[in-house]
Amino acid sequence: MKRGIMMKKFGLAFQILFGLLLGIIVGAIFYGNPTIESYLKPAGDIFIRLIKMIVVPIVVSSLIVGVAGVGDIKKLGRLGGKTLLYFEIVTTIAIIFGLVIANVFHPGAGVDMAGLAKSDITKYVEATKTVTSHSFADTFVNIVPNNIFQSLAAGDMLAIIFFSVLFGLGVAAIGDKGKPVLSFFQGVAESMFWVTNQIMKFAPIGVFGLIGVTVSKFGVGSLLPLGKLVIAVYVGMFLFVVIVLGLIAKLCGTSLWAIIRILKDELILAYSTASSETALPKMMEKMEKFGVPKAITSFVVPIGYSFNLDGSTLYQAIAALFIAQMYGIHMSISSQIMLMLVLMLTSKGIAGVPGASFVVLLATLGSVGIPLEGLAFIAGIDRILDMARTVVNVIGNSMAAVVMAKWEGQYDKSKGKQYLESVKKAA
C-alpha cells in the first residue's frame with residue numbers, strides 16, 4: 001500500500017523535472033567537455049526518435065476515424081475555414097504582442113556585440129534558400145501529395161492531413177463496406193496510444209540527455225550577455241498566455257488553468273525537450289477526454305502545428321526588433337507594420353522545415369532592412385528560447401481545439417468537467 005502511494009507521488013511530471021534538474025547539474029559539471037555529449041546525446045536522440053516514430057500513425061489513424069465519424073464534407077469545410085481564420089487572428093495578435101514587448105523592454109539596446117560569440121547559421125541559410133524559392137501559393141499546392149508514402153516517410157504533416165481527411169470521407173461514403181477499414185484504424189489509434197504511454201516512461205531519461213548536452217555545450221554563462229533578450233522573451237510568453245489565451249478561454253467558457261493542469265506533464269516535457277512533437281500524442285488524447293470530439297481534436301491539433309505557432313511568431317517579432325536595436329537601427333511604426341505583414345505570411349509557409357523560427361527570421365529580416373548577421377549572435381541561446389516558445393505553442397494548440405469544439409457546438413461540458421475532477425483527485 002505504501003509503495004503504491006509513493007509511486008503516485010512520483011508521477012511523470014516529477015520524474016521529468018528530476019531528469020531536467022539532473023541534466024542541468026551534470027551539464028554544468030562537465031561544461032566544455034566534448035566527451036560528455038557522446039554519453040548523453042544517444043538518450044535524447046532515442047527519445048525524440050521514439051516520439052517521431054508514433055506521431056504519424058497516431059495522426060493518420062485518429063484523423064481517419066474522426067472524419068469518418070463526421071462523414072460530411074460541408075461540416076469539415078466549415079470547420080477548416082473557422083480553424084484557419086482563428087489561427088490567423090491569434091498568430092497576428094502574437095506578432096503584435098511581441099512587437100509591443102520589444103518596444104517596451106528594448107532588449108537589444110546597449111548590447112556589446114564585440115563581447116558576443118557568433119554561431120554558425122549556414123544550415124538555416126540553406127533552408128531559407130529552399131523556402132524563399134517557393135511562393136506562398138506553392139505552400140498550398142504542396143499540401144496535395146504527389147506520393148502519400150513519400151509524404152508519410154518525410155513526415156510532411158499537411159500532406160498527411162489532406163490525404164487522411166479524404167480517406168476518412170471515402171470510408172464514410174461507402175457505408176457498411178467501410179466498417180472493417182474503420183475498425184482497423186480504430187484499433188491502430190488505440191494501440192498507438194498504448195505505445196505512447198510506454199514511451200513516456202522513457203521521457204525522464206530522454207530529457208536528462210537532451211538538457212545535459214545543451215548545458216555542457218553552452219553553459220549558464222552564455223545567457224548573461226543576452227540576458228535582456230531571454231527575460232523579454234520569457235516575460236512576453238508568460239503575459240501572452242495569461243492575457244491573450246486566458247481571455248480567449250474565458251470568452252469560450254473554459255479555464256486556461258484547467259487546460260494547463262490537465263497538460264502539466266506534456267508542458268514540462270515540451271519545455272524540457274524544446275519539441276512540440278513530444279507533447280502531441282498525449283495532448284490529442286487528453287483533449288478528447290476533456291470533451292473535445294475526436295474529429296475536431298485530430299483535425300485542429302495537427303494543422304495547428306503548422307499554422308498556429310503562437311510562441312514562435314511572438315518570439316520572431318521580439319528577435320527581429322532585438323537585432324535592429326542591437327545594430328542601432330530605428331524601426332518606425334510603418335516599418336514595424338511591414339514586419340508584421342511579412343511575418344504573417346512567412347510564418348505560415350515553412351511547415352516541417354528544421355529550425356523553423358530561424359528560417360522564418362532569415363526569410364523576413366532582409367525584406368525590412370535588418371542585418372541577417374545578427375541571428376548568428378543569438379543562435380547559441382536559441383535552445384533556451386525555444387523551450388519557452390514550445391510551451392506556448394502547445395498551450396495555444398490545445399486551446400484551439402477547445403475553441404473550435406465550442407464554436408461548432410460540439411463540446412461535451414459534462415465529460416470535460418468529469419475528466420478535470422479525475423485529474424484533480426489524481427494530483
# chains A, B, ... in the order shown; residues from 1 in each chain; ligands from 1
>>> residues_around(residues="Ile248 in chain A", least_positions_apart="3", cutoff="12 Å", atoms="only C-alpha atoms", output="ChimeraX atom specification")
/A:86,89-90,93,240-245,251-256,395-396,399-400,402-404,406
>>> write_last_selection(atoms="N, CA and C atoms", output="mmCIF file, in the first residue's frame")
data_model
loop_
_atom_site.group_PDB
_atom_site.id
_atom_site.type_symbol
_atom_site.label_atom_id
_atom_site.label_comp_id
_atom_site.auth_asym_id
_atom_site.auth_seq_id
_atom_site.Cartn_x
_atom_site.Cartn_y
_atom_site.Cartn_z
ATOM 1 N N TYR A 86 -9.302 31.433 -37.194
ATOM 2 C CA TYR A 86 -8.880 31.567 -35.793
ATOM 3 C C TYR A 86 -7.361 31.598 -35.681
ATOM 4 N N ILE A 89 -5.928 34.978 -36.823
ATOM 5 C CA ILE A 89 -6.203 36.062 -35.864
ATOM 6 C C ILE A 89 -5.271 35.967 -34.658
ATOM 7 N N VAL A 90 -5.158 34.764 -34.080
ATOM 8 C CA VAL A 90 -4.373 34.604 -32.850
ATOM 9 C C VAL A 90 -2.879 34.791 -33.117
ATOM 10 N N ILE A 93 -2.147 38.436 -33.462
ATOM 11 C CA ILE A 93 -2.115 39.056 -32.123
ATOM 12 C C ILE A 93 -0.772 38.763 -31.453
ATOM 13 N N PHE A 240 1.502 36.714 -22.666
ATOM 14 C CA PHE A 240 0.633 36.320 -23.780
ATOM 15 C C PHE A 240 -0.301 35.187 -23.357
ATOM 16 N N VAL A 241 0.256 34.200 -22.662
ATOM 17 C CA VAL A 241 -0.563 33.067 -22.208
ATOM 18 C C VAL A 241 -1.639 33.546 -21.235
ATOM 19 N N VAL A 242 -1.219 34.349 -20.246
ATOM 20 C CA VAL A 242 -2.155 34.790 -19.201
ATOM 21 C C VAL A 242 -3.214 35.748 -19.760
ATOM 22 N N ILE A 243 -2.774 36.728 -20.542
ATOM 23 C CA ILE A 243 -3.705 37.766 -21.009
ATOM 24 C C ILE A 243 -4.504 37.312 -22.229
ATOM 25 N N VAL A 244 -3.792 36.941 -23.304
ATOM 26 C CA VAL A 244 -4.477 36.640 -24.569
ATOM 27 C C VAL A 244 -5.184 35.283 -24.512
ATOM 28 N N LEU A 245 -4.434 34.232 -24.214
ATOM 29 C CA LEU A 245 -5.045 32.900 -24.174
ATOM 30 C C LEU A 245 -6.014 32.780 -23.003
ATOM 31 N N LEU A 251 -13.714 33.775 -22.837
ATOM 32 C CA LEU A 251 -14.752 34.070 -23.827
ATOM 33 C C LEU A 251 -15.468 32.811 -24.309
ATOM 34 N N CYS A 252 -14.743 31.700 -24.374
ATOM 35 C CA CYS A 252 -15.382 30.462 -24.855
ATOM 36 C C CYS A 252 -15.854 29.578 -23.705
ATOM 37 N N GLY A 253 -15.858 30.130 -22.484
ATOM 38 C CA GLY A 253 -16.462 29.435 -21.355
ATOM 39 C C GLY A 253 -15.656 28.302 -20.770
ATOM 40 N N THR A 254 -14.331 28.371 -20.894
ATOM 41 C CA THR A 254 -13.487 27.350 -20.274
ATOM 42 C C THR A 254 -12.427 28.054 -19.429
ATOM 43 N N SER A 255 -11.510 27.285 -18.848
ATOM 44 C CA SER A 255 -10.491 27.844 -17.968
ATOM 45 C C SER A 255 -9.093 27.522 -18.491
ATOM 46 N N LEU A 256 -8.268 28.557 -18.621
ATOM 47 C CA LEU A 256 -6.871 28.364 -19.032
ATOM 48 C C LEU A 256 -6.140 27.476 -18.034
ATOM 49 N N ILE A 395 0.205 25.064 -25.535
ATOM 50 C CA ILE A 395 -0.990 25.629 -24.882
ATOM 51 C C ILE A 395 -1.923 26.222 -25.934
ATOM 52 N N GLY A 396 -1.355 26.950 -26.904
ATOM 53 C CA GLY A 396 -2.157 27.581 -27.950
ATOM 54 C C GLY A 396 -2.930 26.589 -28.789
ATOM 55 N N MET A 399 -5.723 24.946 -26.677
ATOM 56 C CA MET A 399 -6.804 25.913 -26.553
ATOM 57 C C MET A 399 -7.619 25.981 -27.844
ATOM 58 N N ALA A 400 -6.926 25.925 -28.993
ATOM 59 C CA ALA A 400 -7.605 25.990 -30.292
ATOM 60 C C ALA A 400 -8.606 24.853 -30.454
ATOM 61 N N VAL A 402 -10.285 23.306 -28.095
ATOM 62 C CA VAL A 402 -11.461 23.601 -27.262
ATOM 63 C C VAL A 402 -12.317 24.691 -27.904
ATOM 64 N N VAL A 403 -11.650 25.747 -28.403
ATOM 65 C CA VAL A 403 -12.372 26.857 -29.042
ATOM 66 C C VAL A 403 -13.186 26.360 -30.234
ATOM 67 N N MET A 404 -12.584 25.526 -31.079
ATOM 68 C CA MET A 404 -13.283 25.023 -32.266
ATOM 69 C C MET A 404 -14.465 24.121 -31.878
ATOM 70 N N LYS A 406 -16.206 24.365 -29.118
ATOM 71 C CA LYS A 406 -17.247 25.272 -28.612
ATOM 72 C C LYS A 406 -17.933 25.995 -29.770
#
>>> residues_around(residues="range 183-198 of chain A", least_positions_apart="2", cutoff="6 Å", atoms="only C-alpha atoms", output="count of residues only")
7
>>> residues_around(residues="Thr313 in chain A", least_positions_apart="5", cutoff="7 Å", atoms="only C-alpha atoms", output="JSON, numbers by chain")
{"A": [91, 94, 95, 347]}
>>> residues_around(residues="Val213 in chain A", least_positions_apart="3", cutoff="7 Å", atoms="only C-alpha atoms", output="PyMOL selection string")
chain A and resi 27+37+40-41+209-210+216-217
>>> write_last_selection(atoms="N, CA and C atoms", output="compact mmCIF listing (two decimals), in the first residue's frame")
# COMPACT_ATOMS: atom_id res chain seq x y z
N GLY A 27 25.40 18.67 -16.85
CA GLY A 27 25.90 19.51 -17.93
C GLY A 27 26.80 20.62 -17.42
N GLU A 37 29.04 14.67 -24.39
CA GLU A 37 27.98 14.61 -25.40
C GLU A 37 27.80 13.19 -25.94
N LEU A 40 25.60 11.39 -23.32
CA LEU A 40 24.24 11.87 -23.07
C LEU A 40 23.38 11.95 -24.33
N LYS A 41 23.98 12.31 -25.46
CA LYS A 41 23.21 12.55 -26.69
C LYS A 41 22.38 11.35 -27.14
N GLY A 209 19.20 13.55 -21.00
CA GLY A 209 20.22 13.58 -22.06
C GLY A 209 20.19 14.86 -22.87
N LEU A 210 18.99 15.30 -23.25
CA LEU A 210 18.86 16.49 -24.09
C LEU A 210 19.34 17.76 -23.39
N SER A 216 26.09 21.48 -21.20
CA SER A 216 27.53 21.19 -21.32
C SER A 216 28.16 21.94 -22.49
N LYS A 217 27.37 22.25 -23.51
CA LYS A 217 27.88 22.97 -24.68
C LYS A 217 27.96 24.47 -24.44
>>> closest_residue(among="A:Thr297, A:Lys289, A:Ala379, A:Gly328", to="Leu420 in chain A", atoms="only C-alpha atoms")
A:Lys289
>>> atom_distance(atom1="CA of Pro204 in chain A", atom2="CA of Gly19 in chain A")
4.9 Å
>>> atom_distance(atom1="CA of Pro281 in chain A", atom2="CA of Val359 in chain A")
25.9 Å
>>> closest_residue(among="A:Ser164, A:Ser312, A:Asn147, A:Thr273", to="Met237 in chain A", atoms="only C-alpha atoms")
A:Ser312
>>> residues_around(residues="Phe163 in chain A", least_positions_apart="2", cutoff="12 Å", atoms="only C-alpha atoms", output="PyMOL selection string")
chain A and resi 59-61+63-64+67+143-149+151-152+156-161+165-170+299
>>> write_last_selection(atoms="C-alpha atoms", output="short mmCIF file (atom, residue, chain, number, x, y, z; two decimals), in the first residue's frame")
data_model
loop_
_atom_site.label_atom_id
_atom_site.label_comp_id
_atom_site.auth_asym_id
_atom_site.auth_seq_id
_atom_site.Cartn_x
_atom_site.Cartn_y
_atom_site.Cartn_z
CA VAL A 59 -2.39 11.48 -36.61
CA VAL A 60 -3.39 9.30 -39.58
CA SER A 61 -5.48 6.79 -37.62
CA LEU A 63 -7.97 11.68 -38.26
CA ILE A 64 -9.44 8.91 -40.42
CA VAL A 67 -13.51 12.30 -40.16
CA ILE A 143 -0.44 20.30 -49.37
CA VAL A 144 -1.62 17.86 -52.06
CA PRO A 145 0.92 14.99 -52.04
CA ASN A 146 2.42 13.53 -55.18
CA ASN A 147 3.06 10.28 -53.33
CA ILE A 148 1.42 9.69 -49.96
CA PHE A 149 4.02 7.11 -48.94
CA SER A 151 4.90 12.19 -47.51
CA LEU A 152 4.47 9.66 -44.69
CA ASP A 156 5.01 16.10 -44.25
CA MET A 157 2.13 16.80 -41.87
CA LEU A 158 -0.04 19.00 -44.11
CA ALA A 159 0.05 16.48 -46.95
CA ILE A 160 -0.68 13.66 -44.49
CA ILE A 161 -3.67 15.55 -43.07
CA VAL A 165 -9.28 13.69 -44.45
CA LEU A 166 -10.10 12.47 -47.98
CA PHE A 167 -9.58 8.85 -46.97
CA GLY A 168 -11.86 9.29 -43.93
CA LEU A 169 -14.57 10.82 -46.12
CA GLY A 170 -14.18 7.89 -48.52
CA PHE A 299 -8.10 17.81 -37.31
#
>>> atom_distance(atom1="CA of Ala319 in chain A", atom2="CA of Glu88 in chain A")
20.3 Å
>>> decode(residues="range 29-120 of chain A", atoms="C-alpha atoms", output="JSON list (two decimals), in the first residue's frame")
[["chain", "number", "residue", "atom", "x", "y", "z"],
["A", 29, "ILE", "CA", 29.78, 19.98, -14.06],
["A", 30, "PHE", "CA", 31.08, 18.83, -17.43],
["A", 31, "TYR", "CA", 30.76, 22.23, -19.17],
["A", 32, "GLY", "CA", 33.19, 22.49, -22.08],
["A", 33, "ASN", "CA", 33.96, 18.75, -22.04],
["A", 34, "PRO", "CA", 33.11, 17.41, -25.53],
["A", 35, "THR", "CA", 33.22, 13.75, -24.44],
["A", 36, "ILE", "CA", 30.09, 14.11, -22.26],
["A", 37, "GLU", "CA", 27.98, 14.61, -25.40],
["A", 38, "SER", "CA", 28.83, 11.11, -26.64],
["A", 39, "TYR", "CA", 27.33, 9.67, -23.43],
["A", 40, "LEU", "CA", 24.24, 11.87, -23.07],
["A", 41, "LYS", "CA", 23.21, 12.55, -26.69],
["A", 42, "PRO", "CA", 22.11, 8.97, -27.52],
["A", 43, "ALA", "CA", 19.50, 9.01, -24.73],
["A", 44, "GLY", "CA", 17.99, 12.24, -26.02],
["A", 45, "ASP", "CA", 18.13, 11.17, -29.66],
["A", 46, "ILE", "CA", 16.44, 7.83, -28.91],
["A", 47, "PHE", "CA", 13.57, 9.56, -27.10],
["A", 48, "ILE", "CA", 12.99, 12.08, -29.90],
["A", 49, "ARG", "CA", 13.11, 9.24, -32.46],
["A", 50, "LEU", "CA", 10.55, 7.26, -30.45],
["A", 51, "ILE", "CA", 8.20, 10.25, -30.47],
["A", 52, "LYS", "CA", 8.68, 10.87, -34.19],
["A", 53, "MET", "CA", 8.00, 7.17, -34.77],
["A", 54, "ILE", "CA", 4.49, 7.33, -33.29],
["A", 55, "VAL", "CA", 3.30, 10.81, -34.34],
["A", 56, "VAL", "CA", 2.39, 9.97, -37.95],
["A", 57, "PRO", "CA", 0.48, 6.71, -37.17],
["A", 58, "ILE", "CA", -1.48, 8.49, -34.41],
["A", 59, "VAL", "CA", -2.39, 11.48, -36.61],
["A", 60, "VAL", "CA", -3.39, 9.30, -39.58],
["A", 61, "SER", "CA", -5.48, 6.79, -37.62],
["A", 62, "SER", "CA", -7.15, 9.38, -35.36],
["A", 63, "LEU", "CA", -7.97, 11.68, -38.26],
["A", 64, "ILE", "CA", -9.44, 8.91, -40.42],
["A", 65, "VAL", "CA", -11.61, 7.66, -37.53],
["A", 66, "GLY", "CA", -12.70, 11.19, -36.61],
["A", 67, "VAL", "CA", -13.51, 12.30, -40.16],
["A", 68, "ALA", "CA", -15.31, 9.04, -40.98],
["A", 69, "GLY", "CA", -17.42, 9.64, -37.86],
["A", 70, "VAL", "CA", -18.50, 13.04, -39.22],
["A", 71, "GLY", "CA", -18.79, 11.90, -42.83],
["A", 72, "ASP", "CA", -19.91, 15.33, -44.07],
["A", 73, "ILE", "CA", -17.60, 17.31, -46.35],
["A", 74, "LYS", "CA", -19.60, 20.53, -45.76],
["A", 75, "LYS", "CA", -19.12, 20.27, -41.98],
["A", 76, "LEU", "CA", -15.40, 19.65, -42.43],
["A", 77, "GLY", "CA", -15.12, 22.54, -44.87],
["A", 78, "ARG", "CA", -16.80, 24.83, -42.36],
["A", 79, "LEU", "CA", -14.54, 23.57, -39.56],
["A", 80, "GLY", "CA", -11.45, 24.07, -41.75],
["A", 81, "GLY", "CA", -12.42, 27.64, -42.63],
["A", 82, "LYS", "CA", -13.13, 28.57, -39.00],
["A", 83, "THR", "CA", -9.89, 26.91, -37.84],
["A", 84, "LEU", "CA", -7.68, 28.80, -40.31],
["A", 85, "LEU", "CA", -9.45, 32.09, -39.51],
["A", 86, "TYR", "CA", -8.88, 31.57, -35.79],
["A", 87, "PHE", "CA", -5.22, 30.63, -36.34],
["A", 88, "GLU", "CA", -4.58, 33.76, -38.44],
["A", 89, "ILE", "CA", -6.20, 36.06, -35.86],
["A", 90, "VAL", "CA", -4.37, 34.60, -32.85],
["A", 91, "THR", "CA", -0.93, 34.42, -34.51],
["A", 92, "THR", "CA", -1.32, 38.03, -35.72],
["A", 93, "ILE", "CA", -2.12, 39.06, -32.12],
["A", 94, "ALA", "CA", 1.03, 37.14, -31.05],
["A", 95, "ILE", "CA", 3.16, 39.11, -33.55],
["A", 96, "ILE", "CA", 1.70, 42.44, -32.33],
["A", 97, "PHE", "CA", 2.23, 41.34, -28.72],
["A", 98, "GLY", "CA", 5.88, 40.52, -29.48],
["A", 99, "LEU", "CA", 6.42, 43.92, -31.10],
["A", 100, "VAL", "CA", 4.92, 45.67, -28.06],
["A", 101, "ILE", "CA", 7.17, 43.71, -25.66],
["A", 102, "ALA", "CA", 10.27, 44.55, -27.74],
["A", 103, "ASN", "CA", 9.33, 48.25, -27.81],
["A", 104, "VAL", "CA", 8.76, 48.33, -24.05],
["A", 105, "PHE", "CA", 11.82, 46.29, -22.95],
["A", 106, "HIS", "CA", 14.30, 47.40, -25.68],
["A", 107, "PRO", "CA", 16.28, 44.13, -25.16],
["A", 108, "GLY", "CA", 18.83, 44.95, -27.88],
["A", 109, "ALA", "CA", 19.71, 48.43, -26.63],
["A", 110, "GLY", "CA", 23.23, 48.71, -25.23],
["A", 111, "VAL", "CA", 24.31, 45.16, -26.14],
["A", 112, "ASP", "CA", 28.06, 44.98, -26.81],
["A", 113, "MET", "CA", 28.39, 42.89, -29.97],
["A", 114, "ALA", "CA", 32.17, 42.68, -29.51],
["A", 115, "GLY", "CA", 31.64, 40.54, -26.42],
["A", 116, "LEU", "CA", 29.18, 38.13, -28.08],
["A", 117, "ALA", "CA", 30.11, 34.79, -29.62],
["A", 118, "LYS", "CA", 28.91, 34.08, -33.15],
["A", 119, "SER", "CA", 27.37, 30.73, -34.07],
["A", 120, "ASP", "CA", 27.35, 29.01, -37.44]]
